[in-house]
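Source file: input.tsv. Holds: TSV, C-alpha atoms.
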```tsv
chain	number	residue	atom	x	y	z
A	239	MET	CA	-15.71	80.70	-1.39
A	240	ARG	CA	-12.05	79.68	-1.66
A	241	TRP	CA	-11.90	82.00	-4.67
A	242	VAL	CA	-14.19	84.75	-3.36
A	243	ALA	CA	-12.95	85.08	0.25
A	244	PRO	CA	-9.43	86.44	-0.50
A	245	ARG	CA	-10.89	88.98	-2.92
A	246	ILE	CA	-13.23	90.47	-0.33
A	247	GLY	CA	-10.76	90.41	2.56
A	248	LEU	CA	-12.22	87.39	4.32
A	249	ILE	CA	-8.89	85.97	5.52
A	250	ASP	CA	-7.80	84.40	8.81
A	251	LYS	CA	-4.26	85.55	9.53
A	252	PRO	CA	-1.84	83.64	11.79
A	253	ALA	CA	-1.61	84.76	15.43
A	254	SER	CA	-0.02	83.60	18.67
A	255	ARG	CA	-3.20	81.77	19.76
A	256	LYS	CA	-3.76	80.08	16.38
A	257	VAL	CA	-2.17	76.94	15.00
A	258	HIS	CA	-2.08	77.79	11.28
A	259	VAL	CA	1.02	79.56	9.93
A	260	ILE	CA	-0.21	80.97	6.61
A	261	PRO	CA	-3.18	83.25	5.85
A	262	THR	CA	-6.20	81.06	5.05
A	263	PRO	CA	-9.55	82.03	3.48
A	264	LEU	CA	-12.60	82.08	5.71
A	265	GLY	CA	-16.14	81.74	4.44
A	266	GLY	CA	-16.45	77.96	4.43
A	267	GLY	CA	-19.54	78.55	6.54
A	268	VAL	CA	-21.22	80.14	3.52
A	269	GLY	CA	-20.55	76.96	1.56
A	270	ILE	CA	-21.92	74.84	4.42
A	271	TRP	CA	-25.04	77.02	4.54
A	272	CYS	CA	-25.55	76.60	0.79
A	273	GLY	CA	-25.00	72.84	1.11
A	274	VAL	CA	-27.88	72.68	3.60
A	275	VAL	CA	-30.31	75.32	2.38
A	276	ILE	CA	-30.21	74.63	-1.39
A	277	PRO	CA	-31.20	70.93	-0.99
A	278	LEU	CA	-33.92	71.96	1.47
A	279	VAL	CA	-35.32	74.49	-1.01
A	280	ALA	CA	-35.24	71.86	-3.76
A	281	ALA	CA	-37.02	69.37	-1.48
A	282	GLN	CA	-39.63	71.97	-0.53
A	283	VAL	CA	-40.38	72.69	-4.19
A	284	LEU	CA	-40.73	68.98	-5.00
A	285	ILE	CA	-42.99	68.43	-1.99
A	286	GLN	CA	-45.34	71.19	-3.14
A	287	LEU	CA	-45.40	69.77	-6.68
A	288	TRP	CA	-46.03	66.20	-5.56
A	289	LEU	CA	-48.24	66.84	-2.54
A	290	HIS	CA	-51.59	66.15	-4.22
A	291	GLU	CA	-50.38	63.82	-6.96
A	292	PRO	CA	-47.17	61.95	-6.13
A	293	PRO	CA	-45.35	60.46	-9.15
A	294	LYS	CA	-45.92	56.73	-9.61
A	295	TRP	CA	-42.21	55.96	-9.35
A	296	LEU	CA	-41.95	57.55	-5.87
A	297	PRO	CA	-41.76	54.79	-3.21
A	298	LEU	CA	-44.88	54.55	-1.06
A	299	GLU	CA	-42.72	54.87	2.08
A	300	LEU	CA	-41.83	58.40	0.95
A	301	ALA	CA	-45.12	59.40	-0.66
A	302	GLU	CA	-47.07	58.84	2.54
A	303	HIS	CA	-44.89	61.39	4.35
A	304	LEU	CA	-45.31	64.26	1.87
A	305	SER	CA	-48.24	65.79	3.78
A	306	GLY	CA	-46.32	65.57	7.04
A	307	ALA	CA	-43.28	67.25	5.46
A	308	ALA	CA	-45.48	70.05	4.13
A	309	TYR	CA	-47.05	70.46	7.56
A	310	ARG	CA	-43.64	70.79	9.26
A	311	ALA	CA	-42.29	73.26	6.67
A	312	THR	CA	-43.04	76.32	8.78
A	313	GLU	CA	-41.19	74.85	11.73
A	314	LEU	CA	-38.25	73.86	9.51
A	315	TRP	CA	-37.84	77.25	7.89
A	316	GLY	CA	-38.18	78.99	11.23
A	317	VAL	CA	-35.18	77.05	12.50
A	318	VAL	CA	-33.25	77.66	9.28
A	319	ALA	CA	-34.02	81.39	9.41
A	320	ALA	CA	-32.82	81.66	13.01
A	321	ALA	CA	-29.67	79.67	12.20
A	322	THR	CA	-29.09	81.93	9.20
A	323	ILE	CA	-29.32	85.08	11.34
A	324	LEU	CA	-26.69	83.64	13.67
A	325	SER	CA	-24.58	82.63	10.68
A	326	ILE	CA	-24.71	86.18	9.31
A	327	THR	CA	-23.66	87.43	12.75
A	328	GLY	CA	-20.73	85.04	12.61
A	329	LEU	CA	-19.83	86.20	9.10
A	330	ILE	CA	-19.78	89.82	10.27
A	331	ASP	CA	-17.55	88.72	13.16
A	332	ASP	CA	-15.24	87.01	10.67
A	333	PHE	CA	-14.81	90.33	8.86
A	334	ARG	CA	-14.57	92.54	11.93
A	335	PRO	CA	-14.58	91.00	15.44
A	336	LEU	CA	-17.69	91.82	17.45
A	337	SER	CA	-17.89	92.10	21.22
A	338	TRP	CA	-18.46	88.70	22.82
A	339	LYS	CA	-21.17	90.29	24.95
A	340	LEU	CA	-23.08	91.35	21.82
A	341	ARG	CA	-22.69	87.91	20.26
A	342	ILE	CA	-23.85	86.05	23.37
A	343	ALA	CA	-26.81	88.44	23.75
A	344	LEU	CA	-27.86	87.72	20.16
A	345	GLN	CA	-27.50	83.99	20.75
A	346	PHE	CA	-29.72	84.12	23.82
A	347	GLY	CA	-32.27	86.34	22.09
A	348	ILE	CA	-32.57	84.18	18.97
A	349	SER	CA	-32.60	80.97	21.02
A	350	ALA	CA	-35.37	82.33	23.25
A	351	ALA	CA	-37.44	83.32	20.21
A	352	VAL	CA	-37.10	79.85	18.67
A	353	VAL	CA	-37.91	78.11	21.96
A	354	MET	CA	-41.01	80.25	22.51
A	355	SER	CA	-42.15	79.32	18.98
A	356	GLY	CA	-42.35	75.70	20.14
A	357	VAL	CA	-38.89	74.23	19.51
A	358	ARG	CA	-38.10	73.04	23.00
A	359	ALA	CA	-37.32	69.97	25.06
A	360	SER	CA	-40.16	67.93	26.47
A	361	ILE	CA	-38.64	66.35	29.55
A	362	PHE	CA	-39.75	64.89	32.85
A	363	LEU	CA	-39.80	68.12	34.85
A	364	ILE	CA	-42.73	69.36	36.89
A	365	TYR	CA	-42.53	72.97	35.73
A	366	PRO	CA	-42.59	73.76	31.95
A	367	TRP	CA	-40.47	76.88	32.42
A	368	MET	CA	-37.56	74.67	33.45
A	369	GLY	CA	-37.71	72.93	30.07
A	370	ILE	CA	-37.77	76.33	28.38
A	371	LEU	CA	-34.67	77.54	30.22
A	372	LEU	CA	-32.80	74.28	29.59
A	373	SER	CA	-33.68	74.45	25.88
A	374	ILE	CA	-32.31	77.99	25.57
A	375	MET	CA	-29.13	77.03	27.41
A	376	TRP	CA	-28.75	73.93	25.22
A	377	MET	CA	-28.83	76.05	22.06
A	378	VAL	CA	-26.37	78.67	23.32
A	379	VAL	CA	-23.95	76.08	24.69
A	380	LEU	CA	-23.92	74.02	21.48
A	381	VAL	CA	-23.41	77.10	19.30
A	382	ASN	CA	-20.34	78.02	21.31
A	383	SER	CA	-19.17	74.41	21.60
A	384	PHE	CA	-18.78	74.09	17.84
A	385	ASN	CA	-17.27	77.57	17.70
A	386	PHE	CA	-14.67	76.65	20.34
A	387	LEU	CA	-13.90	73.38	18.51
A	388	ASP	CA	-12.97	75.27	15.37
A	389	ASN	CA	-9.31	75.48	16.41
A	390	MET	CA	-7.64	72.91	14.14
A	391	ASP	CA	-8.05	71.74	10.57
A	392	GLY	CA	-11.00	69.40	10.20
A	393	LEU	CA	-11.88	69.36	13.90
A	394	SER	CA	-15.21	71.17	14.22
A	395	GLY	CA	-16.41	69.98	10.81
A	396	GLY	CA	-15.47	66.40	11.62
A	397	ILE	CA	-17.24	66.49	14.98
A	398	GLY	CA	-20.29	67.95	13.24
A	399	LEU	CA	-20.22	65.16	10.65
A	400	ILE	CA	-19.90	62.43	13.29
A	401	THR	CA	-22.63	63.78	15.55
A	402	SER	CA	-25.11	64.65	12.79
A	403	THR	CA	-24.67	61.22	11.18
A	404	THR	CA	-25.16	59.47	14.52
A	405	LEU	CA	-28.22	61.56	15.35
A	406	ALA	CA	-29.64	60.82	11.89
A	407	VAL	CA	-29.27	57.08	12.53
A	408	MET	CA	-30.98	57.53	15.91
A	409	MET	CA	-33.92	59.36	14.38
A	410	LEU	CA	-34.38	57.07	11.38
A	411	THR	CA	-34.08	53.79	13.30
A	412	LYS	CA	-36.20	54.76	16.29
A	413	PRO	CA	-38.33	51.67	17.03
A	414	GLY	CA	-41.94	52.07	15.99
A	415	ASP	CA	-41.80	55.78	15.19
A	416	PRO	CA	-38.90	56.97	12.98
A	417	HIS	CA	-38.44	60.75	12.88
A	418	TRP	CA	-38.08	61.23	9.12
A	419	PHE	CA	-38.20	65.03	9.31
A	420	VAL	CA	-35.39	65.42	11.85
A	421	GLY	CA	-33.38	62.49	10.52
A	422	GLY	CA	-33.50	63.85	6.98
A	423	PHE	CA	-32.27	67.24	8.17
A	424	PHE	CA	-29.33	65.65	9.98
A	425	LEU	CA	-28.41	63.74	6.81
A	426	ILE	CA	-28.38	66.96	4.78
A	427	VAL	CA	-26.14	68.61	7.40
A	428	ALA	CA	-23.83	65.58	7.30
A	429	GLY	CA	-23.64	65.73	3.51
A	430	SER	CA	-22.81	69.43	3.55
A	431	LEU	CA	-20.06	68.90	6.14
A	432	MET	CA	-18.64	65.97	4.20
A	433	GLY	CA	-18.21	68.25	1.18
A	434	PHE	CA	-16.68	70.98	3.35
A	435	LEU	CA	-14.15	68.62	4.91
A	436	CYS	CA	-12.74	67.89	1.45
A	437	HIS	CA	-11.43	71.47	1.57
A	438	ASN	CA	-10.86	71.78	5.32
A	439	TRP	CA	-8.82	68.66	6.04
A	440	SER	CA	-5.17	69.30	6.89
A	441	PRO	CA	-3.66	71.31	5.35
A	442	ALA	CA	-6.89	73.32	5.22
A	443	ARG	CA	-7.54	75.43	2.14
A	444	ILE	CA	-10.48	77.21	3.80
A	445	PHE	CA	-11.93	77.60	7.31
A	446	MET	CA	-15.62	77.53	8.23
A	447	GLY	CA	-15.28	80.60	10.44
A	448	ASP	CA	-17.88	81.71	12.96
A	449	ALA	CA	-20.50	81.73	10.21
A	450	GLY	CA	-20.18	77.98	9.83
A	451	SER	CA	-19.79	77.00	13.48
A	452	TYR	CA	-22.77	79.12	14.54
A	453	PHE	CA	-24.98	77.64	11.81
A	454	ILE	CA	-24.00	74.03	12.49
A	455	GLY	CA	-24.17	74.33	16.28
A	456	PHE	CA	-27.57	75.99	16.29
A	457	SER	CA	-29.06	73.65	13.68
A	458	ILE	CA	-27.94	70.53	15.56
A	459	ALA	CA	-29.19	71.98	18.85
A	460	CYS	CA	-32.66	72.73	17.46
A	461	MET	CA	-33.03	69.38	15.74
A	462	THR	CA	-32.03	67.39	18.81
A	463	LEU	CA	-34.77	69.22	20.72
A	464	LEU	CA	-37.31	68.42	18.01
A	465	GLY	CA	-36.27	64.79	17.82
A	466	THR	CA	-35.81	63.96	21.49
A	467	PHE	CA	-38.90	64.21	23.64
A	468	TYR	CA	-40.56	62.51	26.55
A	469	THR	CA	-44.14	61.62	27.38
A	470	PRO	CA	-45.38	59.72	30.44
A	471	ALA	CA	-46.45	56.86	28.14
A	472	ASP	CA	-42.90	56.27	26.88
A	473	GLU	CA	-41.34	53.05	28.13
A	474	SER	CA	-37.76	54.02	27.19
A	475	GLN	CA	-37.46	57.32	28.99
A	476	HIS	CA	-33.68	56.99	29.22
A	477	VAL	CA	-33.22	57.69	25.49
A	478	ILE	CA	-33.54	61.38	26.32
A	479	LEU	CA	-29.90	61.09	27.46
A	480	ALA	CA	-28.74	59.96	24.00
A	481	PRO	CA	-27.92	63.46	22.60
A	482	LEU	CA	-25.89	64.19	25.75
A	483	CYS	CA	-23.80	61.07	25.08
A	484	VAL	CA	-23.35	61.86	21.39
A	485	LEU	CA	-22.26	65.44	22.12
A	486	ALA	CA	-20.37	64.63	25.33
A	487	VAL	CA	-16.91	65.54	24.01
A	488	PRO	CA	-17.77	69.03	22.64
A	489	LEU	CA	-19.84	69.74	25.76
A	490	TYR	CA	-16.97	68.68	28.02
A	491	ASP	CA	-14.50	70.75	26.02
A	492	ILE	CA	-16.43	74.00	26.31
A	493	CYS	CA	-17.23	73.48	30.00
A	494	SER	CA	-13.62	72.71	30.94
A	495	VAL	CA	-12.18	75.58	28.91
A	496	VAL	CA	-14.67	78.13	30.27
A	497	LEU	CA	-13.98	77.01	33.87
A	498	ILE	CA	-10.21	77.29	33.33
A	499	ARG	CA	-10.53	80.79	31.90
A	500	LEU	CA	-12.81	81.96	34.70
A	501	LYS	CA	-10.49	80.45	37.31
A	502	GLU	CA	-7.62	82.42	35.79
A	503	GLY	CA	-9.69	85.62	35.88
A	504	ARG	CA	-10.04	85.89	32.11
A	505	SER	CA	-13.00	86.28	29.80
A	506	PRO	CA	-14.60	82.91	28.95
A	507	PHE	CA	-14.39	83.95	25.28
A	508	GLN	CA	-10.71	84.92	25.28
A	509	PRO	CA	-8.91	82.54	22.88
A	510	ASP	CA	-6.17	80.31	24.26
A	511	LYS	CA	-4.64	76.87	23.76
A	512	LYS	CA	-6.28	74.99	26.59
A	513	HIS	CA	-8.64	72.85	24.52
A	514	PHE	CA	-8.45	69.05	24.45
A	515	SER	CA	-6.90	69.16	20.96
A	516	HIS	CA	-4.20	71.61	22.10
A	517	ARG	CA	-3.42	69.41	25.09
A	518	LEU	CA	-2.85	66.45	22.82
A	519	VAL	CA	-0.44	68.44	20.66
A	520	ALA	CA	1.39	69.60	23.80
A	521	LEU	CA	1.77	65.92	24.78
A	522	GLY	CA	3.59	65.21	21.53
A	523	LEU	CA	0.91	64.32	18.97
A	524	THR	CA	0.83	65.99	15.59
A	525	LYS	CA	-2.13	68.23	14.79
A	526	GLU	CA	-3.57	65.56	12.51
A	527	GLN	CA	-3.20	62.89	15.21
A	528	ALA	CA	-4.80	65.19	17.78
A	529	VAL	CA	-7.81	65.83	15.53
A	530	LEU	CA	-8.23	62.12	14.81
A	531	THR	CA	-8.03	61.36	18.53
A	532	VAL	CA	-10.83	63.82	19.32
A	533	HIS	CA	-12.83	62.34	16.44
A	534	LEU	CA	-12.31	58.83	17.79
A	535	THR	CA	-13.45	59.74	21.30
A	536	THR	CA	-16.54	61.37	19.80
A	537	ILE	CA	-17.27	58.25	17.75
A	538	ILE	CA	-17.02	56.14	20.92
A	539	THR	CA	-19.42	58.34	22.90
A	540	SER	CA	-21.75	58.49	19.87
A	541	LEU	CA	-21.87	54.69	19.64
A	542	LEU	CA	-22.64	54.56	23.35
A	543	GLY	CA	-25.45	57.04	22.74
A	544	LEU	CA	-26.84	54.74	20.05
A	545	THR	CA	-26.67	51.89	22.56
A	546	LEU	CA	-29.25	53.68	24.71
A	547	TYR	CA	-31.82	52.82	22.05
A	548	ALA	CA	-30.91	49.14	22.33
A	549	VAL	CA	-31.36	48.83	26.09
A	550	SER	CA	-34.71	48.75	27.85
A	551	THR	CA	-33.97	49.52	31.49
A	552	TRP	CA	-32.54	52.40	33.48
A	553	ASN	CA	-29.96	50.05	35.01
A	554	ALA	CA	-28.50	49.31	31.59
A	555	ALA	CA	-28.72	52.99	30.65
A	556	VAL	CA	-26.74	53.96	33.75
A	557	ILE	CA	-23.96	51.58	32.67
A	558	VAL	CA	-23.87	53.21	29.21
A	559	VAL	CA	-23.74	56.71	30.71
A	560	ALA	CA	-21.01	55.55	33.11
A	561	CYS	CA	-18.94	54.45	30.11
A	562	VAL	CA	-19.32	57.93	28.63
A	563	GLY	CA	-18.22	59.36	31.98
A	564	CYS	CA	-15.10	57.17	31.89
A	565	ILE	CA	-14.23	58.54	28.45
A	566	LEU	CA	-14.55	62.10	29.77
A	567	LEU	CA	-12.47	61.18	32.82
A	568	LEU	CA	-9.76	59.88	30.49
A	569	ILE	CA	-9.83	63.22	28.67
A	570	ALA	CA	-9.54	65.02	32.01
A	571	ILE	CA	-6.46	62.94	32.92
A	572	LEU	CA	-4.82	63.82	29.60
A	573	GLU	CA	-5.63	67.49	30.13
A	574	ALA	CA	-4.05	67.37	33.57
A	575	ALA	CA	-0.74	66.15	32.13
A	576	PRO	CA	2.15	68.68	32.00
A	577	ARG	CA	2.17	70.81	28.89
A	578	ASP	CA	5.12	72.36	27.12
A	579	GLN	CA	3.40	75.62	26.18
A	580	PRO	CA	1.16	78.14	27.99
```
Rewrite the structure from the file as structure tokens, please.
Amino acid sequence: MRWVAPRIGLIDKPASRKVHVIPTPLGGGVGIWCGVVIPLVAAQVLIQLWLHEPPKWLPLELAEHLSGAAYRATELWGVVAAATILSITGLIDDFRPLSWKLRIALQFGISAAVVMSGVRASIFLIYPWMGILLSIMWMVVLVNSFNFLDNMDGLSGGIGLITSTTLAVMMLTKPGDPHWFVGGFFLIVAGSLMGFLCHNWSPARIFMGDAGSYFIGFSIACMTLLGTFYTPADESQHVILAPLCVLAVPLYDICSVVLIRLKEGRSPFQPDKKHFSHRLVALGLTKEQAVLTVHLTTIITSLLGLTLYAVSTWNAAVIVVACVGCILLLIAILEAAPRDQP
């Protein structure tokens, strides 16, 4: 894509609201998509070949899950297809900007279709429709969170790598009932982003563009819904808060930026430099230091999210969530500091 993008006009040019100073190829999202979908296709082919007669060298721990993986294939490819549609929408927007109203309408429509197909949160609410609405909002918010984070080299991709790796650990180490399907997907996403960051780290030689941020945000949103659920028989009901802790920083960033823009009477999708990363640069950090700082805060909240699986009471869980709140409060204090640019 670094070679193809400039030849088809897929270039992100410098502007007053952007931090890069030279034209940079877009289309990294296509590479991310390939890094996720190609391994999934290969795995699907192997599962079909080995389903009835697994090879002798295949560990029993994996062989016994082949039938389950085949059973969940329809659900998996439904999510991938929906994420791909959003990614194509983002790619079109990378070529020629689309109206934000059209993009948000597509996001809501695709999210609603996926939720109605069964990919939704199972939470302790009396009315099922509330879980449906929250699931749709979760998808739309995360899609735009990763899109908003794509404002500095290595930022959105790094956050995606941190969160997907943490969520994979959560799913694969869940006491008594590891979620191999969801955990495996998160590992593939993490691997794809790791490869992308080799080209996107400062100074970036390619950007993921909307195609990449839409795909990553939607995929992570869907998989957290599939992997985090609640039943009355569960003893550790508080673990449902774990994804909120892991994704606390991107969620805070989009909420604060949207509120600022609305307060100023502007469109919530009008680009500006009011993100956490921009604030850090305005305070005197370099772009690389700002990105690493956001990464570090995300690692901290992610580790706190993992801690929820190690505690057994709501009292302990409240302390963990309070620590996450303190991290967000620290971010808010930094954002309230005077800035040297509008």
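The smallest atom-to-atom distance between Ile326 in chain A and any of A:Pro261, A:Gly450, A:Pro441, A:Pro277, using only C-alpha atoms, is found for A:Gly450.
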Item to complete: Pick out the residues sitting within 12 Å of Ile498 in chain A, and hand them over as a PyMOL selection string; count all atoms listed in the file, and ignore anything fewer than 3 positions along from it in its own chain.
Response: chain A and resi 491-495+501-513+573-574
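Each of A:Leu329, A:Ile454, A:Ile270, A:Ile374 was checked against Arg358 in chain A using all atoms listed in the file; the smallest atom-to-atom distance is that of A:Ile374.
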Considering all atoms listed in the file, return as a PDB file with C-alpha atoms, keeping the file's coordinate frame whatever protein or nucleic-acid residues lie within 10 Å of Met375 in chain A, sequence-local ones (same chain, fewer than 5 positions apart) excluded.
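The result, written out as around_14.pdb:
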```
ATOM      1  CA  GLN A 345     -27.500  83.990  20.750  1.00  0.00           C
ATOM      2  CA  PHE A 346     -29.720  84.120  23.820  1.00  0.00           C
ATOM      3  CA  SER A 349     -32.600  80.970  21.020  1.00  0.00           C
ATOM      4  CA  ALA A 350     -35.370  82.330  23.250  1.00  0.00           C
ATOM      5  CA  GLY A 369     -37.710  72.930  30.070  1.00  0.00           C
ATOM      6  CA  ILE A 370     -37.770  76.330  28.380  1.00  0.00           C
ATOM      7  CA  LEU A 380     -23.920  74.020  21.480  1.00  0.00           C
ATOM      8  CA  VAL A 381     -23.410  77.100  19.300  1.00  0.00           C
ATOM      9  CA  ALA A 459     -29.190  71.980  18.850  1.00  0.00           C
TER      10      ALA A 459
END
```
Worksheet item: Pick the closest to His303 in chain A from A:Ser337, A:Ser373, A:His417, A:Ile348: which is it, counting all atoms listed in the file?
Response: A:His417
Quick one: residues within 12 Å of Val556 in chain A, all atoms listed in the file counted, chain neighbours fewer than 6 positions away excluded, as a compact mmCIF listing (two decimals) with C-alpha atoms, in the coordinates of the input?
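The result, stored in part29.txt:
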```txt
# COMPACT_ATOMS: atom_id res chain seq x y z
CA HIS A 476 -33.68 56.99 29.22
CA VAL A 477 -33.22 57.69 25.49
CA LEU A 479 -29.90 61.09 27.46
CA ALA A 480 -28.74 59.96 24.00
CA CYS A 483 -23.80 61.07 25.08
CA LEU A 542 -22.64 54.56 23.35
CA GLY A 543 -25.45 57.04 22.74
CA THR A 545 -26.67 51.89 22.56
CA LEU A 546 -29.25 53.68 24.71
CA VAL A 549 -31.36 48.83 26.09
CA SER A 550 -34.71 48.75 27.85
CA VAL A 562 -19.32 57.93 28.63
CA GLY A 563 -18.22 59.36 31.98
```
Worksheet entry | Sphere at (-29.6, 71.9, 12.9), radius 8 Å, counting all atoms listed in the file: residues as a list in words | Val317, Val318, Ala321, Phe423, Phe424, Val427, Phe453, Ile454, Gly455, Phe456, Ser457, Ile458, Ala459, Cys460, Met461 and Thr462 of chain A
Practice prompt. For CA of Gly429 in chain A and CA of Gln527 in chain A, quote the distance in Å rounded to one decimal.
Written response: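 Going from CA of Gly429 in chain A over to CA of Gln527 in chain A covers 23.7 Å.
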Practice prompt. Point out the residue among A:Ile444, A:Leu435, A:Val268, A:Cys561 with the least atom-to-atom distance to Lys251 in chain A, counting all atoms listed in the file.
Written response: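 That would be A:Ile444, the residue with the smallest distance to Lys251 in chain A.
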Put the listed atoms of range 435-452 of chain A in a box along x, y and z with 6 Å added on every side and give me the centre and edge lengths in Å to one decimal, as AutoDock Vina command-line options.
```
--center_x -13.2 --center_y 74.8 --center_z 8.0 --size_x 31.1 --size_y 25.8 --size_z 25.1
```
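Picture a line from CA of Gly422 in chain A to CA of Leu405 in chain A; it runs 10.2 Å.
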Worksheet item: List as a ChimeraX atom specification: which residues have an atom within 12 Å of (-21.7, 78.1, -0.1), counting all atoms listed in the file?
Response: /A:239-243,264-277,430-431,433-434,444,446,449-450
Worksheet item: At what distance in Å, to one decimal, does CA of Leu284 in chain A lie from CA of Gly356 in chain A?
Response: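 Value for the CA of Gly356 in chain A-CA of Leu284 in chain A distance: 26.1 Å.
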